[in-house]
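Here is the file run.txt (compact mmCIF, C-alpha atoms and all ligand atoms).
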```txt
# COMPACT_ATOMS: atom_id res chain seq x y z
CA MET A 1 -5.20 -3.57 18.62
CA LYS A 2 -6.48 -4.28 22.11
CA VAL A 3 -10.22 -3.76 22.31
CA LEU A 4 -10.15 -0.05 23.00
CA LYS A 5 -12.90 2.43 22.41
CA GLU A 6 -12.63 4.28 19.12
CA SER A 7 -12.11 7.56 20.96
CA ILE A 8 -9.22 6.09 23.00
CA ILE A 9 -7.53 4.78 19.86
CA LYS A 10 -7.80 8.24 18.31
CA GLU A 11 -6.37 9.88 21.40
CA ARG A 12 -3.46 7.44 21.75
CA LEU A 13 -2.59 7.65 18.09
CA SER A 14 -2.64 11.44 18.10
CA LYS A 15 -0.20 11.43 21.04
CA LEU A 16 2.13 8.94 19.37
CA LEU A 17 2.33 10.62 15.97
CA LYS A 18 5.34 12.79 15.18
CA THR A 19 4.01 13.92 11.82
CA ARG A 20 3.18 17.34 10.45
CA LYS A 21 0.12 16.40 8.43
CA MET A 22 -0.39 12.64 8.33
CA GLY A 23 -3.05 11.56 10.81
CA LYS A 24 -3.98 15.05 11.96
CA SER A 25 -7.58 14.16 11.22
CA ILE A 26 -8.52 10.62 12.30
CA TYR A 27 -11.68 8.54 11.86
CA VAL A 28 -11.75 5.23 13.75
CA PHE A 29 -14.52 2.64 13.54
CA ASN A 30 -15.14 -0.69 15.18
CA GLU A 31 -16.67 -1.93 11.98
CA LEU A 32 -17.09 -0.44 8.52
CA ASP A 33 -17.97 -1.83 5.11
CA SER A 34 -14.78 -0.35 3.66
CA THR A 35 -12.44 2.39 4.87
CA GLN A 36 -11.75 3.08 1.20
CA ASP A 37 -15.40 3.76 0.40
CA TYR A 38 -15.65 5.94 3.50
CA ALA A 39 -12.58 8.01 2.59
CA ASN A 40 -13.62 8.20 -1.07
CA SER A 41 -16.96 9.66 -0.09
CA LEU A 42 -15.77 12.18 2.49
CA PRO A 43 -16.71 15.65 1.20
CA LYS A 44 -14.04 18.11 0.17
CA ASN A 45 -14.27 20.10 3.41
CA GLU A 46 -13.43 16.95 5.41
CA SER A 47 -10.81 15.58 3.03
CA PHE A 48 -7.60 17.13 4.34
CA HIS A 49 -4.17 15.97 3.24
CA GLY A 50 -3.23 13.25 5.75
CA THR A 51 -6.76 12.39 6.93
CA ILE A 52 -6.94 8.72 7.90
CA VAL A 53 -9.82 6.27 8.23
CA ILE A 54 -9.24 3.07 10.23
CA ALA A 55 -11.62 0.20 10.92
CA ARG A 56 -11.08 -2.71 13.27
CA LYS A 57 -12.83 -4.92 10.73
CA GLN A 58 -14.31 -4.39 7.29
CA ASN A 59 -17.42 -6.15 6.01
CA ILE A 60 -16.87 -5.50 2.32
CA GLY A 61 -13.13 -4.79 2.02
CA LYS A 62 -12.12 -3.88 -1.52
CA GLY A 63 -9.04 -5.17 -3.33
CA ARG A 64 -7.62 -4.18 -6.70
CA MET A 65 -9.40 -5.15 -9.92
CA GLY A 66 -12.75 -5.35 -8.12
CA ARG A 67 -11.64 -8.21 -5.88
CA ASN A 68 -12.73 -8.69 -2.27
CA TRP A 69 -10.27 -8.10 0.53
CA ILE A 70 -10.74 -10.34 3.56
CA SER A 71 -10.59 -7.97 6.54
CA PRO A 72 -11.21 -9.66 9.91
CA GLU A 73 -10.37 -8.14 13.29
CA GLY A 74 -6.63 -8.10 13.97
CA GLY A 75 -5.62 -6.69 10.60
CA LEU A 76 -4.68 -3.12 9.82
CA TRP A 77 -7.30 -1.67 7.50
CA MET A 78 -6.63 1.97 6.79
CA SER A 79 -7.24 4.54 4.06
CA ILE A 80 -5.23 7.74 3.83
CA ILE A 81 -6.28 10.85 1.95
CA LEU A 82 -3.58 12.70 0.00
CA ILE A 83 -4.21 15.99 -1.74
CA PRO A 84 -1.46 16.01 -4.36
CA ASP A 85 0.02 19.04 -5.97
CA PHE A 86 1.62 17.00 -8.73
CA SER A 87 0.32 15.77 -12.06
CA VAL A 88 -1.85 12.64 -12.13
CA ASP A 89 0.80 11.15 -14.43
CA ASN A 90 2.90 10.71 -11.30
CA ILE A 91 0.27 8.75 -9.38
CA ILE A 92 2.31 5.56 -9.68
CA PHE A 93 4.79 7.10 -7.24
CA THR A 94 2.14 7.08 -4.53
CA GLN A 95 1.93 3.31 -5.05
CA PHE A 96 5.68 3.04 -4.52
CA ILE A 97 5.55 5.40 -1.50
CA GLY A 98 2.82 3.29 0.13
CA ALA A 99 4.68 0.02 -0.37
CA LEU A 100 8.03 1.48 0.80
CA ALA A 101 6.42 3.00 3.89
CA VAL A 102 4.78 -0.30 4.84
CA ALA A 103 8.02 -2.25 4.29
CA ASP A 104 9.95 0.27 6.45
CA ALA A 105 7.26 0.14 9.16
CA ILE A 106 7.31 -3.65 9.26
CA PHE A 107 11.10 -3.57 9.59
CA GLU A 108 10.94 -0.96 12.39
CA ASN A 109 8.44 -3.03 14.34
CA THR A 110 9.57 -6.61 13.68
CA LYS A 111 13.02 -6.47 12.00
CA ILE A 112 11.55 -8.49 9.13
CA CYS A 113 12.84 -7.42 5.68
CA CYS A 114 10.00 -7.42 3.18
CA LYS A 115 10.28 -7.64 -0.59
CA LEU A 116 8.24 -5.52 -2.98
CA MET A 117 6.42 -6.65 -6.08
CA TRP A 118 5.52 -4.09 -8.74
CA PRO A 119 3.81 -1.81 -8.25
CA ASN A 120 2.87 -2.08 -4.58
CA ASP A 121 2.55 -5.54 -3.07
CA VAL A 122 4.54 -6.19 0.09
CA LEU A 123 5.80 -9.75 0.48
CA ILE A 124 7.39 -11.83 3.19
CA ASN A 125 8.90 -15.15 2.09
CA ASP A 126 7.27 -14.76 -1.34
CA LYS A 127 3.79 -14.41 0.19
CA LYS A 128 1.69 -11.26 0.19
CA VAL A 129 1.33 -9.62 3.60
CA CYS A 130 0.01 -6.26 2.42
CA GLY A 131 -1.80 -4.85 -0.60
CA ILE A 132 -2.40 -1.24 -1.52
CA LEU A 133 -5.31 0.21 -3.42
CA ILE A 134 -5.12 3.68 -4.93
CA ASP A 135 -8.25 5.59 -5.95
CA VAL A 136 -7.90 8.90 -7.73
CA HIS A 137 -10.51 11.65 -7.92
CA VAL A 138 -10.00 14.56 -10.27
CA GLU A 139 -12.54 17.35 -10.46
CA ASN A 140 -11.58 20.47 -12.39
CA GLU A 141 -8.40 21.67 -10.70
CA SER A 142 -8.84 19.66 -7.51
CA LYS A 143 -7.34 16.23 -6.97
CA LYS A 144 -7.72 13.70 -4.18
CA ILE A 145 -5.95 10.38 -3.82
CA VAL A 146 -7.15 7.69 -1.42
CA MET A 147 -4.45 5.19 -0.50
CA GLY A 148 -5.94 2.05 1.04
CA ILE A 149 -3.57 -0.14 3.01
CA GLY A 150 -4.57 -3.69 3.84
CA LEU A 151 -1.98 -5.25 6.13
CA ASN A 152 -2.58 -8.78 7.38
CA ALA A 153 -1.16 -8.15 10.83
CA ASN A 154 -2.46 -10.06 13.85
CA ILE A 155 -4.59 -12.54 11.97
CA ALA A 156 -4.49 -16.32 12.24
CA SER A 157 -3.15 -17.53 8.93
CA SER A 158 -5.97 -20.10 8.76
CA LEU A 159 -8.37 -17.24 8.06
CA ILE A 160 -6.66 -16.39 4.80
CA ASN A 161 -4.85 -19.66 4.05
CA ASP A 162 -6.81 -20.62 0.99
CA TYR A 163 -6.86 -17.11 -0.32
CA LEU A 164 -4.79 -16.58 -3.41
CA THR A 165 -4.28 -12.96 -4.24
CA SER A 166 -3.73 -11.34 -7.60
CA HIS A 167 -0.74 -12.80 -9.49
CA ASP A 168 -1.58 -16.16 -7.82
CA LEU A 169 0.52 -15.10 -4.86
CA LYS A 170 -0.19 -16.85 -1.60
CA ALA A 171 -1.12 -14.63 1.33
CA THR A 172 0.51 -14.55 4.74
CA THR A 173 0.19 -12.61 7.99
CA LEU A 174 2.66 -10.69 10.11
CA LYS A 175 1.75 -12.76 13.15
CA GLU A 176 2.53 -15.94 11.24
CA GLU A 177 5.90 -14.68 9.98
CA HIS A 178 6.95 -12.88 13.17
CA GLY A 179 5.64 -15.40 15.67
CA ASN A 180 4.16 -12.66 17.87
CA GLU A 181 1.43 -10.10 17.68
CA VAL A 182 2.48 -6.58 16.73
CA ASP A 183 1.11 -3.38 18.22
CA LEU A 184 -1.17 -1.94 15.53
CA LEU A 185 -0.93 1.60 16.86
CA PHE A 186 2.86 1.56 16.53
CA LEU A 187 2.53 0.12 13.04
CA VAL A 188 0.15 2.93 12.04
CA LYS A 189 2.53 5.48 13.54
CA SER A 190 5.51 4.11 11.58
CA ILE A 191 3.57 3.84 8.33
CA LEU A 192 2.30 7.43 8.53
CA GLU A 193 5.71 8.81 9.45
CA ARG A 194 7.37 6.99 6.55
CA ILE A 195 4.64 8.08 4.09
CA GLU A 196 5.20 11.67 5.16
CA TYR A 197 8.96 11.28 4.76
CA TYR A 198 8.80 9.84 1.23
CA TYR A 199 5.94 12.08 0.11
CA ASP A 200 7.54 15.31 1.34
CA ASN A 201 10.88 14.38 -0.24
CA PHE A 202 9.15 13.63 -3.51
CA ILE A 203 7.23 16.91 -3.44
CA SER A 204 10.11 19.10 -2.31
CA CYS A 205 12.63 17.96 -4.91
CA GLY A 206 10.26 16.41 -7.50
CA ASN A 207 12.89 13.76 -7.84
CA THR A 208 11.61 10.30 -8.66
CA SER A 209 15.04 8.62 -8.58
CA GLU A 210 15.27 8.26 -4.80
CA ILE A 211 11.90 6.50 -4.66
CA ILE A 212 12.70 4.30 -7.64
CA ASP A 213 16.15 3.40 -6.28
CA ARG A 214 14.75 2.54 -2.84
CA TRP A 215 11.99 0.53 -4.44
CA LYS A 216 14.48 -1.38 -6.60
CA GLU A 217 16.64 -2.18 -3.57
CA LYS A 218 13.65 -3.81 -1.92
CA SER A 219 12.48 -5.84 -4.88
CA ASP A 220 13.80 -9.14 -6.15
CA MET A 221 11.74 -9.19 -9.33
CA PHE A 222 14.71 -8.27 -11.49
CA GLY A 223 16.14 -11.03 -13.67
CA LYS A 224 13.00 -13.10 -13.14
CA LYS A 225 10.82 -14.56 -15.85
CA ALA A 226 7.32 -13.08 -15.94
CA THR A 227 4.09 -13.27 -17.89
CA VAL A 228 2.14 -10.13 -18.65
CA HIS A 229 -1.54 -10.39 -19.45
CA ASP A 230 -2.16 -7.63 -21.94
CA GLY A 231 -5.77 -7.82 -23.14
CA ASN A 232 -6.11 -11.24 -24.77
CA GLN A 233 -2.38 -11.53 -25.23
CA MET A 234 0.08 -13.24 -22.89
CA ILE A 235 3.61 -11.91 -23.19
CA VAL A 236 6.53 -13.75 -21.61
CA GLY A 237 9.90 -12.17 -20.87
CA HIS A 238 12.41 -11.22 -18.19
CA ILE A 239 11.94 -8.25 -15.86
CA PHE A 240 15.08 -6.14 -15.92
CA ASP A 241 14.37 -2.60 -14.69
CA ILE A 242 11.97 0.23 -13.85
CA ASP A 243 12.20 3.41 -15.88
CA GLN A 244 11.95 7.00 -14.61
CA THR A 245 8.17 7.04 -15.13
CA GLY A 246 7.79 4.00 -12.84
CA ALA A 247 6.98 1.58 -15.70
CA LEU A 248 8.30 -1.96 -15.42
CA LEU A 249 10.66 -2.98 -18.24
CA MET A 250 10.69 -6.50 -19.61
CA LYS A 251 13.02 -8.02 -22.21
CA LEU A 252 11.31 -10.41 -24.64
CA SER A 253 12.90 -13.41 -26.39
CA ASP A 254 13.42 -11.37 -29.59
CA ALA A 255 15.40 -8.84 -27.49
CA SER A 256 12.69 -6.19 -27.80
CA ILE A 257 11.64 -4.28 -24.70
CA LYS A 258 8.10 -4.23 -23.35
CA LYS A 259 7.10 -1.37 -21.07
CA ILE A 260 4.46 -2.40 -18.53
CA THR A 261 2.26 0.38 -17.27
CA TYR A 262 -0.93 -1.43 -16.30
CA TYR A 263 -1.22 -2.63 -12.76
CA ASP A 264 -2.04 -6.14 -11.78
CA ASN A 265 -1.20 -8.08 -14.84
CA VAL A 266 2.26 -9.46 -14.04
CA THR A 267 2.85 -13.01 -12.88
CA LEU A 268 6.33 -14.11 -11.86
CA HIS A 269 7.58 -17.66 -12.62
C1 LIG B 301 -4.95 -5.34 -3.19
O1 LIG B 301 -5.83 -5.91 -3.84
O2 LIG B 301 -3.79 -5.76 -3.18
C2 LIG B 301 -5.26 -4.07 -2.41
C3 LIG B 301 -5.97 -4.35 -1.14
C4 LIG B 301 -6.31 -3.09 -0.36
C5 LIG B 301 -7.14 -3.36 0.89
C6 LIG B 301 -7.32 -2.12 1.73
S1 LIG B 301 -7.86 -2.48 3.35
C7 LIG B 301 -8.11 -0.79 3.65
C8 LIG B 301 -8.74 -0.23 2.41
N1 LIG B 301 -10.18 -0.45 2.44
C9 LIG B 301 -10.60 -1.29 1.49
O3 LIG B 301 -11.77 -1.62 1.31
N2 LIG B 301 -9.55 -1.68 0.77
C10 LIG B 301 -8.30 -1.08 1.21
```

Would you give me this structure, written as structure tokens?
Amino acid sequence: MKVLKESIIKERLSKLLKTRKMGKSIYVFNELDSTQDYANSLPKNESFHGTIVIARKQNIGKGRMGRNWISPEGGLWMSIILIPDFSVDNIIFTQFIGALAVADAIFENTKICCKLMWPNDVLINDKKVCGILIDVHVENESKKIVMGIGLNANIASSLINDYLTSHDLKATTLKEEHGNEVDLLFLVKSILERIEYYYDNFISCGNTSEIIDRWKEKSDMFGKKATVHDGNQMIVGHIFDIDQTGALLMKLSDASIKKITYYDNVTLH
């Protein structure tokens, strides 16, 4: 993002967006501890479906499993509020929707084909370029999901070179893989439009198969050997499918099937 005033970014983004709800309410900051914390703490009367919070840099970016997320200027650090009208059992589909939308947006803007790693890491050349963090708030009948997207866009790879992510994946940046800087406003536009597309399809037909099929097309985990860390146990097997609930299915050496529903405990070999 060129160094533009927050108000100019808001104005330009609003003009670019061809969405019905995503990005209709926009918060932009030069610097924030965490867009996720900000969106999580927005009161109900400011938490509309599609509200987005963007920061040019984050001081205390949050990753999954309580990890830090390195968030210097040049990256895309955004949290999106979703007000779901589906059961919390289906939350995993928002992870898939986020990852698919980011992969589509990267393709639209760079022609790079990303691969997905369950449930929501986006990889280029086996290295993680984007991670997604989902926070869920349920209070009586009301639900709010905050989808945090951390996309290493226009960042020198030296800034994150030594950083190994979850699953011992190496990290990369879009600038490194593409060779050029990408326009962050266009990336935001594409991501929000694709989230709206997948989300609305999911809501209107309640059909999980399209999302699962798309997700499977973009993943090359299948057939690979993996280790799952389940409490104190380490289970080794081969990933072979995703079921209709979004769980990852693994075949063990005794031919039994292990269903993986926890996030963040799968390492590929
Ligand atoms: C992961 O660990 O893979 C998820 C990383 C999510 C980082 C994003 S950056 C925008 C939002 N704000 C945060 O503090 N975290 C998420």

**OP:** List the residues sitting within 12 Å of (-6.3, -5.8, 11.9) in the file's frame, using all atoms listed in the file, as an MDAnalysis selection string.
**Re:** chainID A and resid 1:3 29:31 54:58 70:78 129:130 149:156 173:175 181:185 187:188

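Restricting the calculation to all atoms listed in the file, the smallest distance between Met234 in chain A and any of A:Thr267, A:Asn207, A:Ser219, A:Ser256 is found for A:Thr267.
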
Original post:
From the list A:Lys259, A:Lys15, A:His49, A:Lys62, which residue is nearest Ser34 in chain A when using all atoms listed in the file?
Top reply: A:Lys62

Subject >> Interatomic distance, CA of Gly23 in chain A to CA of Leu192 in chain A (Å, one decimal) >> reply: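 Between these atoms lies a distance of 7.1 Å.
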
Original post:
Using only C-alpha atoms and all ligand atoms, which residue out of A:Gly223, A:Gly50, A:Gly66, A:Pro43 lies closest to ligand LIG 301 (chain B)?
Top reply: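 Checking each of A:Gly223, A:Gly50, A:Gly66, A:Pro43 against ligand LIG 301 (chain B), counting only C-alpha atoms and all ligand atoms, the winner is A:Gly66.
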
Need to verify the contact set: Lys224 in chain A, 9 Å, all atoms listed in the file, exclusion of same-chain residues closer than 2 positions in sequence. Can you return it as a JSON list (two decimals) with C-alpha atoms, keeping the file's coordinate frame?
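part17.json written:
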```
[["chain", "number", "residue", "atom", "x", "y", "z"],
["A", 220, "ASP", "CA", 13.80, -9.14, -6.15],
["A", 221, "MET", "CA", 11.74, -9.19, -9.33],
["A", 222, "PHE", "CA", 14.71, -8.27, -11.49],
["A", 226, "ALA", "CA", 7.32, -13.08, -15.94],
["A", 237, "GLY", "CA", 9.90, -12.17, -20.87],
["A", 238, "HIS", "CA", 12.41, -11.22, -18.19],
["A", 239, "ILE", "CA", 11.94, -8.25, -15.86],
["A", 240, "PHE", "CA", 15.08, -6.14, -15.92],
["A", 268, "LEU", "CA", 6.33, -14.11, -11.86],
["A", 269, "HIS", "CA", 7.58, -17.66, -12.62]]
```

Original post:
In terms of the shortest atom-to-atom distance over all atoms listed in the file, which of A:Lys218, A:Arg20, A:Tyr27, A:Phe186 is closest to Asn120 in chain A?
Top reply: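 The closest residue to Asn120 in chain A is A:Lys218.
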
Subject >> Residue nearest Thr261 in chain A - candidates A:Ser204, A:Ile92, A:Val236, A:Asp121, atoms counted: only C-alpha atoms >> reply: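 Smallest distance to Thr261 in chain A is found for A:Ile92.
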
**OP:** Rounded to one decimal place, report the CA of Asp37 in chain A-CA of Ile195 in chain A distance in Å.
**Re:** 20.8 Å

Contacts of Lys111 in chain A at 10 Å or less, counting all atoms listed in the file, minus same-chain residues fewer than 6 places along, as a PDB file with C-alpha atoms, in the frame of the given file?
```pdb
ATOM      1  CA  ASP A 104       9.950   0.270   6.450  1.00  0.00           C
ATOM      2  CA  ALA A 105       7.260   0.140   9.160  1.00  0.00           C
ATOM      3  CA  HIS A 178       6.950 -12.880  13.170  1.00  0.00           C
TER       4      HIS A 178
END
```

**OP:** Identify which of the residues A:Leu133, A:Val88, A:Ile112, A:Ala101 lies closest to ligand LIG 301 (chain B), counting only C-alpha atoms and all ligand atoms when measuring atom-to-atom distances.
**Re:** A:Leu133

Can you fill out range 215-234 of chain A with N, CA, C and O atoms and hand it back as a PDB file, in the coordinates of the input?
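Final file, rebuild-v3.pdb:
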```
ATOM      1  N   TRP A 215      12.923   1.587  -4.085  1.00  0.00           N
ATOM      2  CA  TRP A 215      11.990   0.530  -4.440  1.00  0.00           C
ATOM      3  C   TRP A 215      12.752  -0.646  -5.052  1.00  0.00           C
ATOM      4  O   TRP A 215      12.507  -1.802  -4.701  1.00  0.00           O
ATOM      5  N   LYS A 216      13.721  -0.313  -5.932  1.00  0.00           N
ATOM      6  CA  LYS A 216      14.480  -1.380  -6.600  1.00  0.00           C
ATOM      7  C   LYS A 216      15.306  -2.194  -5.601  1.00  0.00           C
ATOM      8  O   LYS A 216      15.408  -3.414  -5.721  1.00  0.00           O
ATOM      9  N   GLU A 217      15.853  -1.476  -4.600  1.00  0.00           N
ATOM     10  CA  GLU A 217      16.640  -2.180  -3.570  1.00  0.00           C
ATOM     11  C   GLU A 217      15.794  -3.234  -2.846  1.00  0.00           C
ATOM     12  O   GLU A 217      16.292  -4.230  -2.372  1.00  0.00           O
ATOM     13  N   LYS A 218      14.518  -2.928  -2.705  1.00  0.00           N
ATOM     14  CA  LYS A 218      13.650  -3.810  -1.920  1.00  0.00           C
ATOM     15  C   LYS A 218      12.891  -4.817  -2.774  1.00  0.00           C
ATOM     16  O   LYS A 218      11.998  -5.496  -2.269  1.00  0.00           O
ATOM     17  N   SER A 219      13.209  -4.890  -4.048  1.00  0.00           N
ATOM     18  CA  SER A 219      12.480  -5.840  -4.880  1.00  0.00           C
ATOM     19  C   SER A 219      13.434  -6.900  -5.393  1.00  0.00           C
ATOM     20  O   SER A 219      14.593  -6.602  -5.690  1.00  0.00           O
ATOM     21  N   ASP A 220      12.942  -8.146  -5.500  1.00  0.00           N
ATOM     22  CA  ASP A 220      13.800  -9.140  -6.150  1.00  0.00           C
ATOM     23  C   ASP A 220      13.147  -9.675  -7.415  1.00  0.00           C
ATOM     24  O   ASP A 220      13.304 -10.807  -7.789  1.00  0.00           O
ATOM     25  N   MET A 221      12.396  -8.781  -8.076  1.00  0.00           N
ATOM     26  CA  MET A 221      11.740  -9.190  -9.330  1.00  0.00           C
ATOM     27  C   MET A 221      12.745  -9.229 -10.486  1.00  0.00           C
ATOM     28  O   MET A 221      12.497  -9.885 -11.490  1.00  0.00           O
ATOM     29  N   PHE A 222      13.829  -8.471 -10.340  1.00  0.00           N
ATOM     30  CA  PHE A 222      14.710  -8.270 -11.490  1.00  0.00           C
ATOM     31  C   PHE A 222      15.458  -9.554 -11.856  1.00  0.00           C
ATOM     32  O   PHE A 222      15.951 -10.269 -10.999  1.00  0.00           O
ATOM     33  N   GLY A 223      15.497  -9.812 -13.177  1.00  0.00           N
ATOM     34  CA  GLY A 223      16.140 -11.030 -13.670  1.00  0.00           C
ATOM     35  C   GLY A 223      15.156 -12.189 -13.714  1.00  0.00           C
ATOM     36  O   GLY A 223      15.467 -13.247 -14.248  1.00  0.00           O
ATOM     37  N   LYS A 224      13.960 -11.990 -13.160  1.00  0.00           N
ATOM     38  CA  LYS A 224      13.000 -13.100 -13.140  1.00  0.00           C
ATOM     39  C   LYS A 224      12.140 -13.140 -14.396  1.00  0.00           C
ATOM     40  O   LYS A 224      11.883 -12.116 -15.017  1.00  0.00           O
ATOM     41  N   LYS A 225      11.709 -14.370 -14.710  1.00  0.00           N
ATOM     42  CA  LYS A 225      10.820 -14.560 -15.850  1.00  0.00           C
ATOM     43  C   LYS A 225       9.402 -14.177 -15.420  1.00  0.00           C
ATOM     44  O   LYS A 225       9.005 -14.471 -14.283  1.00  0.00           O
ATOM     45  N   ALA A 226       8.674 -13.508 -16.318  1.00  0.00           N
ATOM     46  CA  ALA A 226       7.320 -13.080 -15.940  1.00  0.00           C
ATOM     47  C   ALA A 226       6.388 -13.188 -17.138  1.00  0.00           C
ATOM     48  O   ALA A 226       6.827 -13.180 -18.296  1.00  0.00           O
ATOM     49  N   THR A 227       5.108 -13.326 -16.839  1.00  0.00           N
ATOM     50  CA  THR A 227       4.090 -13.270 -17.890  1.00  0.00           C
ATOM     51  C   THR A 227       3.247 -12.039 -17.666  1.00  0.00           C
ATOM     52  O   THR A 227       2.834 -11.763 -16.544  1.00  0.00           O
ATOM     53  N   VAL A 228       3.000 -11.307 -18.746  1.00  0.00           N
ATOM     54  CA  VAL A 228       2.140 -10.130 -18.650  1.00  0.00           C
ATOM     55  C   VAL A 228       0.858 -10.430 -19.424  1.00  0.00           C
ATOM     56  O   VAL A 228       0.909 -10.923 -20.551  1.00  0.00           O
ATOM     57  N   HIS A 229      -0.255 -10.171 -18.792  1.00  0.00           N
ATOM     58  CA  HIS A 229      -1.540 -10.390 -19.450  1.00  0.00           C
ATOM     59  C   HIS A 229      -1.977  -9.039 -20.013  1.00  0.00           C
ATOM     60  O   HIS A 229      -2.345  -8.153 -19.268  1.00  0.00           O
ATOM     61  N   ASP A 230      -1.876  -8.907 -21.311  1.00  0.00           N
ATOM     62  CA  ASP A 230      -2.160  -7.630 -21.940  1.00  0.00           C
ATOM     63  C   ASP A 230      -3.376  -7.829 -22.863  1.00  0.00           C
ATOM     64  O   ASP A 230      -3.238  -8.292 -23.978  1.00  0.00           O
ATOM     65  N   GLY A 231      -4.555  -7.520 -22.380  1.00  0.00           N
ATOM     66  CA  GLY A 231      -5.770  -7.820 -23.140  1.00  0.00           C
ATOM     67  C   GLY A 231      -5.875  -9.330 -23.293  1.00  0.00           C
ATOM     68  O   GLY A 231      -5.782 -10.067 -22.324  1.00  0.00           O
ATOM     69  N   ASN A 232      -6.017  -9.797 -24.541  1.00  0.00           N
ATOM     70  CA  ASN A 232      -6.110 -11.240 -24.770  1.00  0.00           C
ATOM     71  C   ASN A 232      -4.747 -11.882 -24.923  1.00  0.00           C
ATOM     72  O   ASN A 232      -4.625 -13.093 -25.040  1.00  0.00           O
ATOM     73  N   GLN A 233      -3.734 -11.042 -24.962  1.00  0.00           N
ATOM     74  CA  GLN A 233      -2.380 -11.530 -25.230  1.00  0.00           C
ATOM     75  C   GLN A 233      -1.641 -11.901 -23.959  1.00  0.00           C
ATOM     76  O   GLN A 233      -1.814 -11.245 -22.927  1.00  0.00           O
ATOM     77  N   MET A 234      -0.800 -12.924 -24.022  1.00  0.00           N
ATOM     78  CA  MET A 234       0.080 -13.240 -22.890  1.00  0.00           C
ATOM     79  C   MET A 234       1.511 -13.062 -23.379  1.00  0.00           C
ATOM     80  O   MET A 234       1.922 -13.706 -24.338  1.00  0.00           O
TER      81      MET A 234
END
```
